[in-house]
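What follows is a set of notes on a single structure, which appears directly below.
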Amino acid sequence: MRKLQNLNYEKKTTIRAMTFIAFFILFTFNLIFCENQLLSKINNNCIWIKHDSIIDSSKVDSLISFINKNKINKVFLETFTNGEFKYNPSNSIKEDSILNELKYLSSNIKNDNVKLYAWIDAYKIWDKNFYPINPEHFYYQCPDCLEADLNSRSDKLIKLDKVQSLEWEGIFLSPIHPESNKYILNTLNSIKALYIYDGVVIDYIRYQNYYYGYNPLGLEIFENKYNFNPLDLNRGIISKRFGYNDSEVDSLNLLWDNYRRDAITDLLYQFKNQVNQDSVSFEIITAVKSSPFDSINKWYQDWPRWINENLVDYVIIKNNALKFYDFNYNNSIIKKIYAEYDYLEKIIIGMNLYEINPINIGNKILYLRLNGFDNISLYLYNEYKNIVNWYSPIYKAINFNLSND
């Protein structure tokens, strides 16, 4: 029985290997003999970096070598997460070792081809199983700014010293509370004022889910403006039962959804205006969910509008699907909808490197390049994987080019 199992395992392994080889041969054959399928160069080769990869000079030197070797031109460095900077952002503080290593990294990689970006979490401000140690943390400064769900349960009621559910992502700020965007905008301006970064990558620029966004003060402001409480939509008070027709109910639902979307978009409007007023070259990149429908309607990330109105320079669509079919399906939907609007040049496909086999990731990258996606970001860099050359097949797929230059 065990022998039969071994044979079956070997058979499956052989089939997988042959499938990959056949795919690669067919891929290469088409490249060589079909001029219109010649792969163009990758426009943006991006990598996400945790701050612990720059805690000392040896790590920074290793990282710099990795960036140069793999022709990476956009580096997303963890800068602000869990409501805290990974270094002291004040220029007056000269003894901050992380800040010194950051400046060293910046001076050794930044040129006409390589850009450094501050990776920040926007509305998510805490995800630990203990309370913030710093008494100045915004969690304590504005507890009324925290998110609330449609049952009026606020994130400030969560016992952070207790074990949370597997679905729990953390403590979020409410985009519809006026102080939340002010706080995030101050953070963004602090980063811009450092003059170390070429731009910012804004992650968690969203609600926790569609049933969030019911912050009490935010609801009060909305009700004073539009003369109805969105909670009444969920309570069934605004319904046909109480004299509303379907068109009226749909119209009020749309008004409420647009209000929540606009709250996030307004943050980008304000920051983009600030960048323009300062007349500085500073790029804005946002990270969004993989489904264009869910990102807009479930997490209220209206990224097509952000692109169309030039509020962002790029959007990273996080496609973390492990299965090849699911990965391809998500990207094909994006291409089908947005290729005709020339949005693809503004879209970066984000891929997760937690997958065990780097060859599988290489296959996905080849698929992307064959389908006109020339902007790719990988999450995230790991020093040990670099040492054992784990990334080799991945970057061969990214940088593979048949042209003479």
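Chain labels A, B, ... are given in the sequence in which chains occur in the structure tokens; within each chain residues are numbered consecutively from 1, and ligands are likewise numbered from 1 in the order shown.
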Go through range 129-225 of chain A and flag each residue having an atom no more than 7 Å from range 63-85 of chain A; for those, report the closest pair of atoms plus their distance in Å to one decimal, using only C-alpha atoms, ordered by chain and rising number, as a tab-separated table.
```
residue	atom	partner	partner_atom	distance
A:His137	CA	A:Gly83	CA	6.9
A:Phe138	CA	A:Gly83	CA	6.9
A:Val201	CA	A:Phe76	CA	6.9
```
DSSP alpha helix (DSSP H) selection over range 153-301 of chain A, as an NGL selection string:
:A and (178-192 or 216-226 or 231-235 or 246-278 or 292-297)
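Nearest to Asn297 in chain A of all the residues A:Ile176, A:Ile171, A:Leu254, A:Ile125 is A:Leu254, based on only C-alpha atoms.
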Please provide the set of residues having any atom within 12 Å of Tyr338 in chain A, restricted to only C-alpha atoms, with same-chain residues fewer than 2 positions apart removed, written as JSON, numbers by chain.
{"A": [292, 303, 304, 305, 307, 308, 331, 332, 333, 334, 335, 336, 340, 341, 342, 343, 344, 345, 346, 347, 372, 373]}
Residues just named, written with C-alpha atoms as an mmCIF file, in the first residue's frame:
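Saved result, selection08.cif, follows:
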```cif
data_model
loop_
_atom_site.group_PDB
_atom_site.id
_atom_site.type_symbol
_atom_site.label_atom_id
_atom_site.label_comp_id
_atom_site.auth_asym_id
_atom_site.auth_seq_id
_atom_site.Cartn_x
_atom_site.Cartn_y
_atom_site.Cartn_z
ATOM 1 C CA PRO A 292 -12.688 45.441 -8.181
ATOM 2 C CA TRP A 303 -9.770 53.221 -6.701
ATOM 3 C CA PRO A 304 -10.942 53.647 -10.334
ATOM 4 C CA ARG A 305 -12.050 57.134 -9.326
ATOM 5 C CA ILE A 307 -6.908 56.901 -10.829
ATOM 6 C CA ASN A 308 -9.311 58.836 -13.029
ATOM 7 C CA ASN A 331 -6.463 39.576 -13.045
ATOM 8 C CA SER A 332 -8.518 38.746 -16.144
ATOM 9 C CA ILE A 333 -11.503 40.581 -14.643
ATOM 10 C CA ILE A 334 -9.362 43.654 -14.018
ATOM 11 C CA LYS A 335 -7.946 43.571 -17.538
ATOM 12 C CA LYS A 336 -11.368 43.079 -19.124
ATOM 13 C CA GLU A 340 -9.702 50.134 -22.492
ATOM 14 C CA TYR A 341 -9.393 53.028 -20.034
ATOM 15 C CA ASP A 342 -5.582 52.810 -20.009
ATOM 16 C CA TYR A 343 -5.696 52.077 -16.289
ATOM 17 C CA LEU A 344 -3.327 49.101 -16.511
ATOM 18 C CA GLU A 345 -0.262 51.337 -16.566
ATOM 19 C CA LYS A 346 -1.395 52.662 -13.179
ATOM 20 C CA ILE A 347 -2.138 49.220 -11.720
ATOM 21 C CA GLY A 372 0.149 43.097 -20.380
ATOM 22 C CA PHE A 373 0.690 43.582 -16.650
#
```
Can you tell me which residues surround range 259-266 of chain A at a distance of at most 12 Å, considering only C-alpha atoms, apart from same-chain residues fewer than 4 positions away, and format the answer as a PDB file with C-alpha atoms, in the first residue's frame?
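Output contents, as saved in around30.pdb:
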```pdb
ATOM      1  CA  ALA A 122      -3.885  54.326   7.422  1.00  0.00           C
ATOM      2  CA  TYR A 123      -7.117  53.502   9.234  1.00  0.00           C
ATOM      3  CA  LEU A 173     -10.293  54.506  12.901  1.00  0.00           C
ATOM      4  CA  SER A 174     -13.608  55.601  11.434  1.00  0.00           C
ATOM      5  CA  PRO A 175     -13.203  57.485   8.139  1.00  0.00           C
ATOM      6  CA  ILE A 176     -16.462  59.376   8.792  1.00  0.00           C
ATOM      7  CA  HIS A 177     -15.189  60.849  12.089  1.00  0.00           C
ATOM      8  CA  PRO A 178     -13.637  64.232  11.157  1.00  0.00           C
ATOM      9  CA  GLU A 179     -10.595  63.790  13.420  1.00  0.00           C
ATOM     10  CA  SER A 180      -9.514  60.512  11.785  1.00  0.00           C
ATOM     11  CA  ASN A 181      -8.509  62.005   8.439  1.00  0.00           C
ATOM     12  CA  LYS A 182      -6.804  64.922  10.205  1.00  0.00           C
ATOM     13  CA  ILE A 184      -3.703  60.434   9.071  1.00  0.00           C
ATOM     14  CA  LEU A 185      -3.026  63.591   7.069  1.00  0.00           C
ATOM     15  CA  ILE A 202      -0.917  53.706   1.906  1.00  0.00           C
ATOM     16  CA  TYR A 204      -5.426  49.711   5.061  1.00  0.00           C
ATOM     17  CA  ILE A 205      -7.053  52.659   3.361  1.00  0.00           C
ATOM     18  CA  ARG A 206     -10.472  51.104   3.861  1.00  0.00           C
ATOM     19  CA  TYR A 207     -13.196  50.093   6.277  1.00  0.00           C
ATOM     20  CA  ASN A 209     -16.086  45.578   6.126  1.00  0.00           C
ATOM     21  CA  TYR A 210     -19.374  46.769   4.650  1.00  0.00           C
ATOM     22  CA  TYR A 211     -21.140  46.518   8.028  1.00  0.00           C
ATOM     23  CA  TYR A 212     -18.739  49.067   9.554  1.00  0.00           C
ATOM     24  CA  GLY A 213     -18.790  52.833   9.210  1.00  0.00           C
ATOM     25  CA  TYR A 214     -21.354  53.633  11.909  1.00  0.00           C
ATOM     26  CA  ASN A 215     -19.290  55.863  14.173  1.00  0.00           C
ATOM     27  CA  GLY A 218     -20.089  60.434  11.938  1.00  0.00           C
ATOM     28  CA  LEU A 219     -23.709  59.290  11.907  1.00  0.00           C
ATOM     29  CA  ILE A 221     -23.046  64.638  11.048  1.00  0.00           C
ATOM     30  CA  PHE A 222     -24.591  62.613   8.222  1.00  0.00           C
ATOM     31  CA  GLU A 223     -28.097  62.791   9.712  1.00  0.00           C
ATOM     32  CA  LYS A 225     -26.910  66.903   6.537  1.00  0.00           C
ATOM     33  CA  TYR A 226     -29.327  64.441   4.896  1.00  0.00           C
ATOM     34  CA  PRO A 230     -28.508  55.179   8.054  1.00  0.00           C
ATOM     35  CA  LEU A 252     -30.952  56.343   0.290  1.00  0.00           C
ATOM     36  CA  ASN A 253     -28.740  53.237   0.414  1.00  0.00           C
ATOM     37  CA  LEU A 254     -26.663  54.621  -2.451  1.00  0.00           C
ATOM     38  CA  LEU A 255     -26.384  58.001  -0.731  1.00  0.00           C
ATOM     39  CA  GLN A 270      -6.494  66.633   0.899  1.00  0.00           C
ATOM     40  CA  PHE A 271      -3.086  65.013   0.725  1.00  0.00           C
ATOM     41  CA  LYS A 272      -2.805  65.385  -3.050  1.00  0.00           C
ATOM     42  CA  ASN A 273      -3.650  69.073  -2.721  1.00  0.00           C
ATOM     43  CA  THR A 286      -2.602  52.950  -2.431  1.00  0.00           C
ATOM     44  CA  SER A 295     -12.998  46.755  -3.051  1.00  0.00           C
ATOM     45  CA  ILE A 296     -15.528  49.413  -4.070  1.00  0.00           C
ATOM     46  CA  ASN A 297     -18.710  48.007  -2.524  1.00  0.00           C
ATOM     47  CA  LYS A 298     -17.455  46.096   0.531  1.00  0.00           C
ATOM     48  CA  TRP A 299     -14.403  48.080   1.664  1.00  0.00           C
ATOM     49  CA  TYR A 300     -15.335  51.390  -0.030  1.00  0.00           C
ATOM     50  CA  GLN A 301     -12.062  51.787  -1.908  1.00  0.00           C
ATOM     51  CA  ASP A 302     -13.127  53.694  -5.013  1.00  0.00           C
ATOM     52  CA  TRP A 303      -9.770  53.221  -6.701  1.00  0.00           C
ATOM     53  CA  PRO A 304     -10.942  53.647 -10.334  1.00  0.00           C
ATOM     54  CA  ARG A 305     -12.050  57.134  -9.326  1.00  0.00           C
ATOM     55  CA  TRP A 306      -8.709  57.733  -7.590  1.00  0.00           C
ATOM     56  CA  ILE A 307      -6.908  56.901 -10.829  1.00  0.00           C
ATOM     57  CA  GLU A 309      -9.029  61.993 -10.916  1.00  0.00           C
ATOM     58  CA  ASN A 310      -5.226  61.689 -10.557  1.00  0.00           C
ATOM     59  CA  LEU A 311      -5.386  61.370  -6.790  1.00  0.00           C
ATOM     60  CA  VAL A 312      -2.883  58.509  -6.909  1.00  0.00           C
TER      61      VAL A 312
END
```
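Of the residues under consideration (A:Lys128, A:Lys41, A:Lys115, A:Arg241), A:Lys128 shows the shortest atom-to-atom contact distance to Glu169 in chain A when counting only C-alpha atoms.
Minimum atom-to-atom distances from A:Leu102, A:Ile349, A:Ile55, A:Leu231 to Asn151 in chain A were compared using only C-alpha atoms, and the lowest value belongs to A:Leu231.
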Within range 33-259 of chain A, find each residue whose DSSP state, derived from the backbone, is strand (DSSP E), and express the selection as a VMD selection string.
chain A and resid 44 to 49 74 to 81 84 to 85 115 to 121 124 to 126 171 to 172 199 to 203
Any chance you can output those residues with C-alpha atoms as an mmCIF file, in the first residue's frame?
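Writing the result to again.cif gives the following:
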```cif
data_model
loop_
_atom_site.group_PDB
_atom_site.id
_atom_site.type_symbol
_atom_site.label_atom_id
_atom_site.label_comp_id
_atom_site.auth_asym_id
_atom_site.auth_seq_id
_atom_site.Cartn_x
_atom_site.Cartn_y
_atom_site.Cartn_z
ATOM 1 C CA ASN A 44 7.822 48.682 -11.975
ATOM 2 C CA ASN A 45 9.536 45.914 -10.012
ATOM 3 C CA CYS A 46 8.511 46.523 -6.387
ATOM 4 C CA ILE A 47 9.329 44.907 -3.047
ATOM 5 C CA TRP A 48 7.825 45.395 0.440
ATOM 6 C CA ILE A 49 10.399 45.593 3.263
ATOM 7 C CA LYS A 74 10.461 50.644 -6.114
ATOM 8 C CA VAL A 75 11.137 49.873 -2.440
ATOM 9 C CA PHE A 76 8.227 50.000 0.023
ATOM 10 C CA LEU A 77 9.716 50.330 3.511
ATOM 11 C CA GLU A 78 7.578 49.799 6.618
ATOM 12 C CA THR A 79 7.451 53.213 8.250
ATOM 13 C CA PHE A 80 4.207 53.678 10.190
ATOM 14 C CA THR A 81 2.175 50.771 11.539
ATOM 15 C CA GLU A 84 3.433 54.347 15.562
ATOM 16 C CA PHE A 85 6.511 55.321 13.588
ATOM 17 C CA LYS A 115 12.696 55.085 -5.555
ATOM 18 C CA LEU A 116 12.043 54.679 -1.831
ATOM 19 C CA TYR A 117 8.495 54.811 -0.422
ATOM 20 C CA ALA A 118 7.165 54.989 3.131
ATOM 21 C CA TRP A 119 4.767 52.101 3.698
ATOM 22 C CA ILE A 120 2.084 53.108 6.197
ATOM 23 C CA ASP A 121 -1.139 51.699 7.598
ATOM 24 C CA LYS A 124 -5.864 50.420 11.101
ATOM 25 C CA ILE A 125 -4.030 51.666 14.195
ATOM 26 C CA TRP A 126 -3.542 48.578 16.379
ATOM 27 C CA ILE A 171 -8.563 48.404 15.807
ATOM 28 C CA PHE A 172 -9.649 50.802 13.058
ATOM 29 C CA GLY A 199 6.494 58.811 -2.044
ATOM 30 C CA VAL A 200 4.161 56.877 0.209
ATOM 31 C CA VAL A 201 2.353 53.529 -0.017
ATOM 32 C CA ILE A 202 -0.917 53.706 1.906
ATOM 33 C CA ASP A 203 -2.186 50.338 3.137
#
```
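Here CA of Val60 in chain A is placed at a distance of 10.2 Å from CA of Glu383 in chain A.
Computed from the coordinates, the CA of Lys323 in chain A to CA of Ile285 in chain A distance equals 26.6 Å.
The shell of residues at most 12 Å from Glu355 in chain A, with only C-alpha atoms counted and near chain neighbours (fewer than 2 positions) removed, consists of Asn320, Ala321, Leu322, Lys323, Phe324, Met351, Asn352, Leu353, Asn357, Pro358, Ile359, Asn360, Ile361, Gly362, Lys364, Leu378, Tyr379, Leu380, Trp390, Tyr391 and Ile394 of chain A.
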Those residues you just picked out, can you put them in a file as a JSON list (two decimals), in the first residue's frame with N, CA and C atoms?
```json
[["chain", "number", "residue", "atom", "x", "y", "z"],
["A", 320, "ASN", "N", -3.64, 37.84, -3.64],
["A", 320, "ASN", "CA", -2.95, 36.83, -2.84],
["A", 320, "ASN", "C", -3.48, 35.43, -3.05],
["A", 321, "ALA", "N", -4.26, 35.22, -4.11],
["A", 321, "ALA", "CA", -4.82, 33.90, -4.39],
["A", 321, "ALA", "C", -3.70, 32.90, -4.63],
["A", 322, "LEU", "N", -3.75, 31.77, -3.93],
["A", 322, "LEU", "CA", -2.71, 30.75, -4.08],
["A", 322, "LEU", "C", -2.93, 29.90, -5.33],
["A", 323, "LYS", "N", -4.18, 29.56, -5.61],
["A", 323, "LYS", "CA", -4.47, 28.72, -6.76],
["A", 323, "LYS", "C", -4.28, 29.51, -8.06],
["A", 324, "PHE", "N", -3.65, 28.86, -9.03],
["A", 324, "PHE", "CA", -3.32, 29.52, -10.29],
["A", 324, "PHE", "C", -4.58, 30.03, -10.98],
["A", 351, "MET", "N", 1.66, 40.52, -5.17],
["A", 351, "MET", "CA", 1.69, 39.08, -4.97],
["A", 351, "MET", "C", 2.32, 38.76, -3.61],
["A", 352, "ASN", "N", 1.78, 37.72, -2.97],
["A", 352, "ASN", "CA", 2.25, 37.31, -1.65],
["A", 352, "ASN", "C", 3.31, 36.23, -1.78],
["A", 353, "LEU", "N", 4.45, 36.41, -1.12],
["A", 353, "LEU", "CA", 5.54, 35.44, -1.19],
["A", 353, "LEU", "C", 5.48, 34.38, -0.10],
["A", 357, "ASN", "N", 6.45, 27.33, -2.89],
["A", 357, "ASN", "CA", 7.23, 27.06, -4.09],
["A", 357, "ASN", "C", 7.43, 28.32, -4.93],
["A", 358, "PRO", "N", 8.67, 28.81, -5.05],
["A", 358, "PRO", "CA", 8.90, 30.03, -5.83],
["A", 358, "PRO", "C", 8.64, 29.84, -7.32],
["A", 359, "ILE", "N", 8.72, 28.58, -7.81],
["A", 359, "ILE", "CA", 8.44, 28.34, -9.23],
["A", 359, "ILE", "C", 6.98, 28.64, -9.55],
["A", 360, "ASN", "N", 6.08, 28.32, -8.61],
["A", 360, "ASN", "CA", 4.67, 28.65, -8.82],
["A", 360, "ASN", "C", 4.48, 30.15, -8.95],
["A", 361, "ILE", "N", 5.20, 30.90, -8.14],
["A", 361, "ILE", "CA", 5.12, 32.36, -8.22],
["A", 361, "ILE", "C", 5.68, 32.83, -9.56],
["A", 362, "GLY", "N", 6.77, 32.21, -10.01],
["A", 362, "GLY", "CA", 7.35, 32.54, -11.31],
["A", 362, "GLY", "C", 6.36, 32.32, -12.44],
["A", 364, "LYS", "N", 3.11, 32.51, -12.25],
["A", 364, "LYS", "CA", 2.11, 33.57, -12.19],
["A", 364, "LYS", "C", 2.65, 34.87, -12.80],
["A", 378, "LEU", "N", 6.04, 42.49, -4.81],
["A", 378, "LEU", "CA", 6.16, 41.24, -4.05],
["A", 378, "LEU", "C", 6.17, 41.54, -2.56],
["A", 379, "TYR", "N", 5.38, 40.79, -1.82],
["A", 379, "TYR", "CA", 5.25, 40.95, -0.37],
["A", 379, "TYR", "C", 5.65, 39.64, 0.30],
["A", 380, "LEU", "N", 6.70, 39.59, 1.07],
["A", 380, "LEU", "CA", 7.64, 40.66, 1.33],
["A", 380, "LEU", "C", 9.04, 40.08, 1.38],
["A", 390, "TRP", "N", 16.47, 31.75, -2.59],
["A", 390, "TRP", "CA", 15.09, 31.31, -2.82],
["A", 390, "TRP", "C", 14.41, 32.15, -3.90],
["A", 391, "TYR", "N", 14.79, 33.41, -4.02],
["A", 391, "TYR", "CA", 14.12, 34.33, -4.94],
["A", 391, "TYR", "C", 14.54, 34.15, -6.40],
["A", 394, "ILE", "N", 11.99, 33.50, -9.19],
["A", 394, "ILE", "CA", 11.00, 34.58, -9.23],
["A", 394, "ILE", "C", 11.53, 35.77, -10.03]]
```
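Interatomic distance, CA of Phe228 in chain A against CA of Leu267 in chain A: 24.5 Å.
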